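S.K.: Below is the file data.csv, which contains CSV, C-alpha atoms and all ligand atoms.
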```
chain,number,residue,atom,x,y,z
A,1,MET,CA,99.5,172.9,83.1
A,2,LYS,CA,101.3,176.0,84.0
A,3,LEU,CA,104.5,175.6,86.0
A,4,ALA,CA,106.4,178.3,87.8
A,5,SER,CA,110.1,177.3,88.1
A,6,ILE,CA,112.2,179.2,90.6
A,7,ILE,CA,115.9,179.4,90.1
A,8,GLY,CA,118.7,181.6,91.4
A,9,THR,CA,122.1,180.0,91.7
A,10,ARG,CA,124.8,178.6,89.4
A,11,PRO,CA,123.9,174.9,89.7
A,12,GLN,CA,120.2,175.7,89.3
A,13,PHE,CA,120.8,177.5,86.0
A,14,ILE,CA,122.7,174.4,84.8
A,15,LYS,CA,120.0,172.0,85.9
A,16,ALA,CA,117.2,174.2,84.5
A,17,SER,CA,119.1,174.3,81.1
A,18,ALA,CA,118.3,170.6,80.8
A,19,LEU,CA,114.8,170.5,82.3
A,20,SER,CA,113.3,173.6,80.7
A,21,ARG,CA,114.4,172.2,77.3
A,22,ALA,CA,112.8,168.9,78.1
A,23,PHE,CA,109.5,170.7,79.1
A,24,GLN,CA,109.4,172.2,75.6
A,25,ASP,CA,108.7,168.7,74.2
A,26,PHE,CA,105.4,168.6,76.1
A,27,ALA,CA,102.8,170.9,74.7
A,28,GLU,CA,100.7,170.5,77.8
A,29,ILE,CA,103.4,172.3,80.0
A,30,SER,CA,103.9,176.0,79.9
A,31,GLU,CA,106.7,177.2,82.1
A,32,CYS,CA,107.2,180.6,83.7
A,33,VAL,CA,110.8,181.1,85.0
A,34,ILE,CA,111.5,183.2,88.0
A,35,ASP,CA,115.2,184.1,88.9
A,36,THR,CA,115.5,185.2,92.5
A,37,GLY,CA,118.9,186.9,91.7
A,38,GLN,CA,120.7,184.9,94.5
A,39,HIS,CA,123.7,184.6,92.2
A,40,PHE,CA,123.9,187.9,90.5
A,41,ASP,CA,127.6,188.0,89.5
A,42,ALA,CA,127.7,187.6,85.7
A,43,SER,CA,130.3,184.8,86.0
A,44,LEU,CA,127.8,182.8,88.2
A,45,SER,CA,124.7,183.5,86.2
A,46,ASP,CA,124.7,185.2,82.7
A,47,VAL,CA,127.4,183.0,81.4
A,48,PHE,CA,125.2,179.9,81.8
A,49,PHE,CA,122.2,181.5,80.0
A,50,GLU,CA,124.5,182.4,77.2
A,51,GLU,CA,126.3,179.1,76.8
A,52,PHE,CA,123.2,176.9,77.1
A,53,GLY,CA,121.1,179.2,74.9
A,54,MET,CA,118.5,179.7,77.6
A,55,SER,CA,115.9,182.4,77.2
A,56,ARG,CA,116.0,185.1,79.9
A,57,PRO,CA,113.8,184.4,82.9
A,58,ASP,CA,110.3,185.9,82.9
A,59,TYR,CA,111.0,187.6,86.2
A,60,ASP,CA,114.3,188.7,87.7
A,61,LEU,CA,113.8,189.6,91.4
A,62,GLU,CA,117.4,190.8,91.9
A,63,ILE,CA,117.6,189.7,95.5
A,64,HIS,CA,121.0,188.8,96.8
A,65,GLY,CA,123.3,189.5,99.8
A,66,GLY,CA,122.4,189.8,103.5
A,67,GLY,CA,122.1,187.0,105.9
A,68,HIS,CA,120.1,183.8,105.3
A,69,GLY,CA,117.1,185.2,107.1
A,70,GLU,CA,117.1,188.5,105.3
A,71,MET,CA,117.7,187.0,101.9
A,72,THR,CA,115.1,184.3,102.3
A,73,GLY,CA,112.6,186.8,103.7
A,74,ARG,CA,113.0,189.3,100.9
A,75,MET,CA,112.6,186.5,98.4
A,76,LEU,CA,109.4,185.3,100.1
A,77,ILE,CA,108.0,188.9,100.0
A,78,ALA,CA,108.9,189.3,96.3
A,79,LEU,CA,107.7,185.8,95.2
A,80,GLU,CA,104.2,185.9,96.7
A,81,PRO,CA,102.8,188.6,94.4
A,82,VAL,CA,104.5,187.0,91.4
A,83,LEU,CA,102.9,183.6,92.1
A,84,LEU,CA,99.6,185.3,92.8
A,85,ARG,CA,99.7,187.0,89.4
A,86,GLU,CA,100.9,183.9,87.5
A,87,LYS,CA,98.6,181.4,89.3
A,88,PRO,CA,100.7,178.4,88.4
A,89,ASP,CA,99.3,174.9,88.8
A,90,ALA,CA,102.6,173.9,90.5
A,91,VAL,CA,105.8,175.5,91.6
A,92,LEU,CA,109.1,173.8,90.8
A,93,VAL,CA,112.2,174.3,92.9
A,94,TYR,CA,115.7,172.8,92.6
A,95,GLY,CA,118.2,171.6,95.2
A,96,ASP,CA,118.8,173.2,98.6
A,97,THR,CA,119.5,177.0,98.4
A,98,ASN,CA,117.7,180.0,100.0
A,99,SER,CA,115.9,180.4,96.6
A,100,THR,CA,114.6,176.8,97.0
A,101,LEU,CA,113.4,177.4,100.5
A,102,ALA,CA,111.8,180.8,99.7
A,103,GLY,CA,110.1,179.3,96.6
A,104,ALA,CA,108.7,176.4,98.5
A,105,LEU,CA,107.5,178.5,101.5
A,106,ALA,CA,105.8,181.0,99.2
A,107,ALA,CA,104.1,178.2,97.2
A,108,ALA,CA,103.1,176.3,100.3
A,109,LYS,CA,101.4,179.4,101.9
A,110,LEU,CA,99.5,179.9,98.7
A,111,ARG,CA,98.5,176.2,98.6
A,112,MET,CA,100.3,175.6,95.4
A,113,PRO,CA,101.7,172.1,94.9
A,114,ILE,CA,105.5,172.0,95.0
A,115,VAL,CA,107.7,169.9,92.8
A,116,HIS,CA,111.2,169.4,94.3
A,117,VAL,CA,114.0,168.4,92.0
A,118,GLU,CA,117.0,166.8,93.8
A,119,ALA,CA,114.8,165.7,96.8
A,120,GLY,CA,116.0,163.5,99.6
A,121,ALA,CA,119.7,164.5,99.6
A,122,ARG,CA,121.0,164.5,103.2
A,123,SER,CA,124.3,165.1,105.0
A,124,ALA,CA,125.0,164.4,108.6
A,125,ASP,CA,125.2,168.0,109.7
A,126,ARG,CA,121.6,169.0,110.5
A,127,TYR,CA,122.6,172.7,111.0
A,128,MET,CA,124.2,173.1,107.7
A,129,PRO,CA,122.1,175.8,105.9
A,130,GLU,CA,121.6,173.5,102.8
A,131,GLN,CA,120.5,170.7,105.0
A,132,ILE,CA,117.8,172.8,106.8
A,133,ASN,CA,116.5,173.9,103.3
A,134,ARG,CA,116.4,170.3,102.1
A,135,VAL,CA,114.5,168.9,105.0
A,136,VAL,CA,111.9,171.7,105.0
A,137,VAL,CA,111.3,171.7,101.3
A,138,ASP,CA,111.0,167.9,101.1
A,139,ARG,CA,108.4,168.0,103.9
A,140,LEU,CA,106.3,170.6,102.0
A,141,SER,CA,106.6,169.0,98.5
A,142,ALA,CA,103.8,167.3,96.6
A,143,LEU,CA,106.0,165.6,93.9
A,144,LEU,CA,109.6,164.7,94.7
A,145,PHE,CA,112.4,163.7,92.2
A,146,CYS,CA,115.4,162.1,93.8
A,147,VAL,CA,118.7,161.8,92.0
A,148,THR,CA,119.6,158.4,93.6
A,149,GLY,CA,118.0,155.5,95.4
A,150,GLY,CA,119.9,156.5,98.5
A,151,SER,CA,118.0,159.9,98.5
A,152,LYS,CA,114.7,158.0,98.3
A,153,GLU,CA,115.7,155.9,101.3
A,154,ASN,CA,116.4,159.1,103.2
A,155,LEU,CA,112.9,160.2,102.4
A,156,ASP,CA,111.5,156.8,103.4
A,157,ARG,CA,113.2,157.2,106.8
A,158,GLU,CA,111.5,160.6,107.3
A,159,GLY,CA,108.1,159.1,106.4
A,160,ILE,CA,107.9,160.8,103.0
A,161,THR,CA,106.8,158.0,100.7
A,162,GLU,CA,104.2,159.4,98.3
A,163,ASN,CA,104.9,160.8,94.8
A,164,VAL,CA,108.6,160.1,95.2
A,165,HIS,CA,110.5,159.2,92.0
A,166,VAL,CA,114.1,158.3,91.4
A,167,ALA,CA,114.8,160.2,88.2
A,168,GLY,CA,118.6,160.2,88.0
A,169,ASP,CA,120.8,163.4,87.9
A,170,LEU,CA,120.1,166.4,85.6
A,171,MET,CA,123.8,167.2,86.1
A,172,TYR,CA,124.6,163.8,84.5
A,173,ASP,CA,122.4,164.7,81.5
A,174,VAL,CA,124.3,167.9,81.0
A,175,ALA,CA,127.7,166.4,81.7
A,176,ARG,CA,127.2,163.6,79.1
A,177,ALA,CA,126.4,166.2,76.4
A,178,ALA,CA,129.5,168.2,77.5
A,179,ILE,CA,131.7,165.1,77.4
A,180,SER,CA,130.5,164.0,74.0
A,181,SER,CA,131.2,167.5,72.4
A,182,MET,CA,134.6,168.0,74.2
A,183,GLY,CA,137.5,168.6,71.9
A,184,GLU,CA,141.3,168.0,72.4
A,185,GLU,CA,141.9,171.6,73.3
A,186,ARG,CA,142.8,172.1,76.9
A,187,VAL,CA,141.4,175.1,78.9
A,188,ALA,CA,144.3,174.7,81.4
A,189,GLN,CA,146.8,175.5,78.7
A,190,GLY,CA,145.2,178.9,78.3
A,191,LEU,CA,146.1,179.5,81.9
A,192,GLY,CA,149.7,178.6,81.3
A,193,VAL,CA,149.5,175.1,82.6
A,194,THR,CA,151.4,172.5,80.5
A,195,GLY,CA,151.9,169.6,82.9
A,196,GLU,CA,149.8,167.7,85.4
A,197,TYR,CA,147.3,169.8,87.3
A,198,ALA,CA,144.6,169.6,90.0
A,199,VAL,CA,141.4,171.6,90.0
A,200,LEU,CA,140.3,173.3,93.2
A,201,THR,CA,136.9,175.0,94.1
A,202,VAL,CA,135.8,176.2,97.6
A,203,HIS,CA,132.7,178.2,98.3
A,204,ARG,CA,130.7,176.7,101.1
A,205,ALA,CA,130.0,179.0,104.1
A,206,GLU,CA,131.4,176.3,106.5
A,207,ASN,CA,134.8,176.8,104.8
A,208,THR,CA,134.8,180.4,103.6
A,209,ASP,CA,133.4,181.9,106.9
A,210,ASN,CA,136.2,180.4,109.0
A,211,VAL,CA,139.7,181.8,108.2
A,212,GLY,CA,141.5,179.0,110.1
A,213,ARG,CA,139.8,176.3,108.2
A,214,LEU,CA,140.3,178.1,104.9
A,215,VAL,CA,144.1,178.3,105.5
A,216,GLU,CA,144.1,174.6,106.6
A,217,ILE,CA,142.3,173.7,103.3
A,218,PHE,CA,144.9,175.6,101.1
A,219,ASP,CA,147.8,174.0,103.0
A,220,TYR,CA,146.2,170.6,102.7
A,221,VAL,CA,145.6,171.0,99.0
A,222,LYS,CA,149.1,172.2,98.3
A,223,ALA,CA,150.6,169.2,100.2
A,224,GLN,CA,148.3,166.7,98.4
A,225,ALA,CA,148.8,168.1,94.9
A,226,LYS,CA,152.6,167.6,95.3
A,227,ASP,CA,154.2,168.8,92.1
A,228,ALA,CA,151.0,169.2,90.1
A,229,SER,CA,149.8,172.8,89.4
A,230,ILE,CA,146.6,173.8,91.1
A,231,VAL,CA,144.0,175.7,89.1
A,232,PHE,CA,141.5,177.5,91.3
A,233,PRO,CA,138.4,179.2,89.7
A,234,MET,CA,137.5,181.3,92.7
A,235,HIS,CA,133.9,182.0,93.8
A,236,PRO,CA,133.4,185.7,94.6
A,237,ARG,CA,132.6,184.8,98.2
A,238,THR,CA,135.9,182.9,98.5
A,239,ARG,CA,137.8,185.7,96.9
A,240,ARG,CA,136.4,188.2,99.4
A,241,ALA,CA,137.3,185.8,102.3
A,242,VAL,CA,140.8,185.4,101.0
A,243,GLU,CA,141.3,189.1,100.4
A,244,ASP,CA,139.8,190.1,103.8
A,245,ALA,CA,142.0,187.7,105.7
A,246,ALA,CA,145.1,188.4,103.4
A,247,ILE,CA,145.6,184.7,102.9
A,248,GLU,CA,148.7,183.9,100.9
A,249,LEU,CA,147.9,181.5,98.1
A,250,GLY,CA,151.5,181.0,96.9
A,251,ASN,CA,151.6,179.4,93.4
A,252,ILE,CA,148.0,178.4,93.2
A,253,ILE,CA,146.7,179.6,89.8
A,254,CYS,CA,143.6,181.7,90.6
A,255,THR,CA,141.0,182.7,88.0
A,256,ASP,CA,137.5,184.1,88.1
A,257,PRO,CA,134.7,181.4,88.0
A,258,VAL,CA,134.6,179.8,84.5
A,259,GLY,CA,131.7,178.8,82.3
A,260,TYR,CA,130.3,175.3,82.5
A,261,HIS,CA,132.0,173.9,79.4
A,262,ASP,CA,135.4,175.4,80.5
A,263,MET,CA,134.9,173.8,83.9
A,264,ALA,CA,134.0,170.4,82.3
A,265,ASN,CA,137.2,170.6,80.2
A,266,LEU,CA,139.3,171.7,83.2
A,267,MET,CA,138.0,168.7,85.2
A,268,ALA,CA,138.2,166.2,82.4
A,269,TYR,CA,141.9,166.8,81.8
A,270,SER,CA,142.9,167.2,85.4
A,271,SER,CA,144.5,164.5,87.6
A,272,LEU,CA,142.7,165.3,90.8
A,273,ILE,CA,139.8,167.5,91.9
A,274,PHE,CA,139.5,169.2,95.3
A,275,THR,CA,136.1,170.6,96.0
A,276,ASP,CA,133.4,171.4,98.5
A,277,SER,CA,130.8,171.6,95.7
A,278,GLY,CA,128.1,169.0,95.8
A,279,GLY,CA,127.8,169.0,92.0
A,280,MET,CA,131.5,168.7,91.3
A,281,GLN,CA,131.8,165.6,93.5
A,282,LYS,CA,129.4,163.9,91.1
A,283,GLU,CA,131.0,165.5,88.0
A,284,ALA,CA,134.4,164.2,89.1
A,285,TYR,CA,132.9,160.7,88.8
A,286,PHE,CA,131.3,161.5,85.4
A,287,HIS,CA,134.8,162.5,84.2
A,288,ARG,CA,136.4,159.6,86.0
A,289,VAL,CA,138.8,161.9,87.9
A,290,PRO,CA,139.5,161.2,91.6
A,291,CYS,CA,138.0,163.7,93.9
A,292,VAL,CA,138.8,164.9,97.5
A,293,THR,CA,135.8,166.5,99.2
A,294,LEU,CA,136.8,169.4,101.4
A,295,ARG,CA,134.0,168.8,103.9
A,296,ASP,CA,133.4,166.5,106.9
A,297,ASP,CA,130.5,164.8,105.2
A,298,THR,CA,128.8,164.4,101.8
A,299,GLU,CA,125.3,164.2,100.6
A,300,TRP,CA,126.6,162.0,97.7
A,301,PRO,CA,127.9,158.9,99.4
A,302,GLU,CA,127.5,157.0,96.1
A,303,THR,CA,130.6,158.8,94.9
A,304,ILE,CA,132.6,157.5,97.9
A,305,ALA,CA,131.2,154.0,97.4
A,306,ALA,CA,132.2,154.1,93.8
A,307,GLY,CA,135.8,154.7,94.9
A,308,TRP,CA,136.3,158.0,93.1
A,309,ASN,CA,135.7,160.4,96.0
A,310,ARG,CA,137.0,160.6,99.6
A,311,LEU,CA,136.5,163.1,102.4
A,312,TRP,CA,139.6,165.1,103.1
A,313,HIS,CA,140.0,163.6,106.6
A,314,THR,CA,140.1,160.1,105.3
A,315,GLU,CA,143.2,158.5,103.9
A,316,SER,CA,142.2,156.4,101.0
A,317,TYR,CA,139.6,155.6,98.4
A,318,LEU,CA,137.4,152.5,98.4
A,319,PRO,CA,138.0,150.1,95.5
A,320,ARG,CA,136.8,151.6,92.2
A,321,VAL,CA,133.5,150.3,90.8
A,322,GLU,CA,131.1,151.6,88.2
A,323,THR,CA,127.8,152.9,89.6
A,324,ALA,CA,124.4,153.5,87.9
A,325,ALA,CA,123.3,155.6,90.9
A,326,PHE,CA,123.1,158.8,88.9
A,327,GLY,CA,120.8,157.4,86.2
A,328,ASP,CA,121.2,157.0,82.4
A,329,GLY,CA,121.5,160.7,81.3
A,330,GLN,CA,117.7,160.9,80.7
A,331,ALA,CA,116.7,162.5,83.9
A,332,ALA,CA,115.2,165.6,82.3
A,333,LYS,CA,112.9,163.5,80.0
A,334,LYS,CA,111.8,161.4,82.9
A,335,ILE,CA,111.0,164.4,85.1
A,336,ALA,CA,109.2,166.2,82.3
A,337,ARG,CA,107.1,163.2,81.5
A,338,ILE,CA,105.9,162.8,85.1
A,339,VAL,CA,105.3,166.5,85.6
A,340,ALA,CA,103.2,166.6,82.4
A,341,SER,CA,101.0,163.9,83.8
A,342,MET,CA,100.5,165.6,87.1
B,1,LIG,N1,131.0,175.3,87.9
B,1,LIG,C1,131.3,176.1,86.8
B,1,LIG,N2,132.3,177.1,86.9
B,1,LIG,C2,133.1,177.2,88.0
B,1,LIG,C3,132.8,176.4,89.1
B,1,LIG,C4,131.8,175.4,89.0
B,1,LIG,O1,130.6,176.0,85.8
B,1,LIG,O2,134.0,178.1,88.0
B,1,LIG,C5,129.9,174.4,87.8
B,1,LIG,C6,130.3,172.9,88.2
B,1,LIG,O3,130.9,172.3,87.1
B,1,LIG,C7,129.0,172.4,88.6
B,1,LIG,C8,128.3,173.5,89.2
B,1,LIG,O4,128.9,174.7,88.8
B,1,LIG,O5,128.2,172.0,87.4
B,1,LIG,C9,128.4,173.4,90.7
B,1,LIG,O6,128.0,174.6,91.3
B,1,LIG,P1,128.3,175.0,92.8
B,1,LIG,O7,129.6,174.4,93.2
B,1,LIG,O8,128.2,176.5,92.9
B,1,LIG,O9,127.1,174.4,93.6
B,1,LIG,P2,126.9,173.0,94.4
B,1,LIG,O10,127.1,171.9,93.4
B,1,LIG,O11,127.8,173.0,95.6
B,1,LIG,O12,125.4,173.1,94.8
```
Go ahead and render the structure in this file as structure tokens.
M.R.:
Amino acid sequence: MKLASIIGTRPQFIKASALSRAFQDFAEISECVIDTGQHFDASLSDVFFEEFGMSRPDYDLEIHGGGHGEMTGRMLIALEPVLLREKPDAVLVYGDTNSTLAGALAAAKLRMPIVHVEAGARSADRYMPEQINRVVVDRLSALLFCVTGGSKENLDREGITENVHVAGDLMYDVARAAISSMGEERVAQGLGVTGEYAVLTVHRAENTDNVGRLVEIFDYVKAQAKDASIVFPMHPRTRRAVEDAAIELGNIICTDPVGYHDMANLMAYSSLIFTDSGGMQKEAYFHRVPCVTLRDDTEWPETIAAGWNRLWHTESYLPRVETAAFGDGQAAKKIARIVASM
């Protein structure tokens, strides 16, 4: 069976590094990889291909920038002829980005079955761009892989019950490998940090597109981190927002975005993680570091229930418990096996 996988953003490169490798164990699957170009900055894309030893995508559409409609529309226009040429038996999309939506729409219009990895994640804000993408893509998909049982329940509530599998989290597969190969060396030391430190990332539009909220977040993080240093690998979108609004970051230690293994090391040796990233809320749990989510809601309530994550407007954590919600680190194998039998 021929599979066209559509990727385009940092977390999608990371997830694809695990799944594309697992596909190689199945002679019956041949994969064609299409990079939309949504994340074009080398620190958000090339670095992951290099560190995970991934081959370059078969197609690089180089589409980025513009509003949601423009970006998604240009992707749709570019994807259609590629899919018509490749004639895949199925089209695989990851997560909840504009690349995910464009890939699913292009495939649906061409009547190609869609495989959605990370299906069923939901947050309360139905107008959040990622939420719109999730709902539409799940509705169009023929085969759905949920990270958690909670995601499957979300799909049940929406009447999507066929060909839904709980596979666990590809991010956990990747994190386990990173944890087992992590040395004593501390990436934070290279940034001049010797004592206790917190890690901060912010990149969601709901935070970066609102100067007042961004300032509120930085003030909050400084107050919560107390005497700990704050290490802040800054997403290009956030850097632009900070520079445009001339926001004063004080003694926050800013860097460019770092590679996956450097980020894993930064998180693992930190005392606290502040983030609006979906993936990093889960990784905080994988590294057993407490997390404060800089959003009003989360699509990963399992991290809150496990007592390692809280929303920034809540005061305390629930009691800590271990959770098996994110699987056993074998998500890629499970997904590949089911796709191979499609
Ligand atoms: N990440 C990284 N370098 C960074 C910041 C994040 O490698 O400087 C990784 C992080 O560890 C996680 C993924 O990127 O695996 C999360 O991506 P992002 O926050 O862009 O997306 P989201 O998870 O919100 O969809």
S.K.: Identify, counting only C-alpha atoms and all ligand atoms, the protein, DNA and RNA residues located within 6 Å of ligand LIG 1 (chain B), and give them as number ranges by chain.
M.R.: A: 10-11, 233, 257-260, 263, 277-280
S.K.: Point out the residue among A:Met75, A:Ala268, A:Ala305, A:Val137 with the least atom-to-atom distance to Arg288 in chain A, counting all atoms listed in the file.
M.R.: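 Checking each candidate against Arg288 in chain A, we get A:Ala268 as the closest.
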S.K.: Mind pulling up the distance from CA of Glu283 in chain A to CA of Trp312 in chain A?
M.R.: 17.4 Å
S.K.: Find the spatial neighbours of Ala107 in chain A, counting all atoms listed in the file, within a cut-off of 9 Å - ignore same-chain residues fewer than 3 positions away - and output them as a list of chain:residue names.
M.R.: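 Contacts, in chain order: A:Leu79, A:Glu80, A:Leu83, A:Ala90, A:Val91, A:Ala102, A:Gly103, A:Ala104, A:Leu110, A:Arg111, A:Met112, A:Pro113, A:Ile114.
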S.K.: Which distance in Å separates CA of Thr36 in chain A and CA of Gly8 in chain A, to one decimal?
M.R.: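 If I compute the distance from CA of Thr36 in chain A to CA of Gly8 in chain A, I get 4.9 Å.
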S.K.: As an exercise, work out the distance from CA of Ile160 in chain A to CA of Ala306 in chain A in Å and give it to one decimal place.
M.R.: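 Between CA of Ile160 in chain A and CA of Ala306 in chain A the gap works out to 26.8 Å.
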S.K.: So which one's closest to Gly65 in chain A, A:Thr161, A:Ser45, A:Gln38, A:Thr100? Using all atoms listed in the file, please.
M.R.: A:Gln38
S.K.: Which is closer to Leu266 in chain A than all the others in A:Glu185, A:Glu31, A:Glu315, A:Glu51, using all atoms listed in the file?
M.R.: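 Closest residue, counting all atoms listed in the file: A:Glu185.
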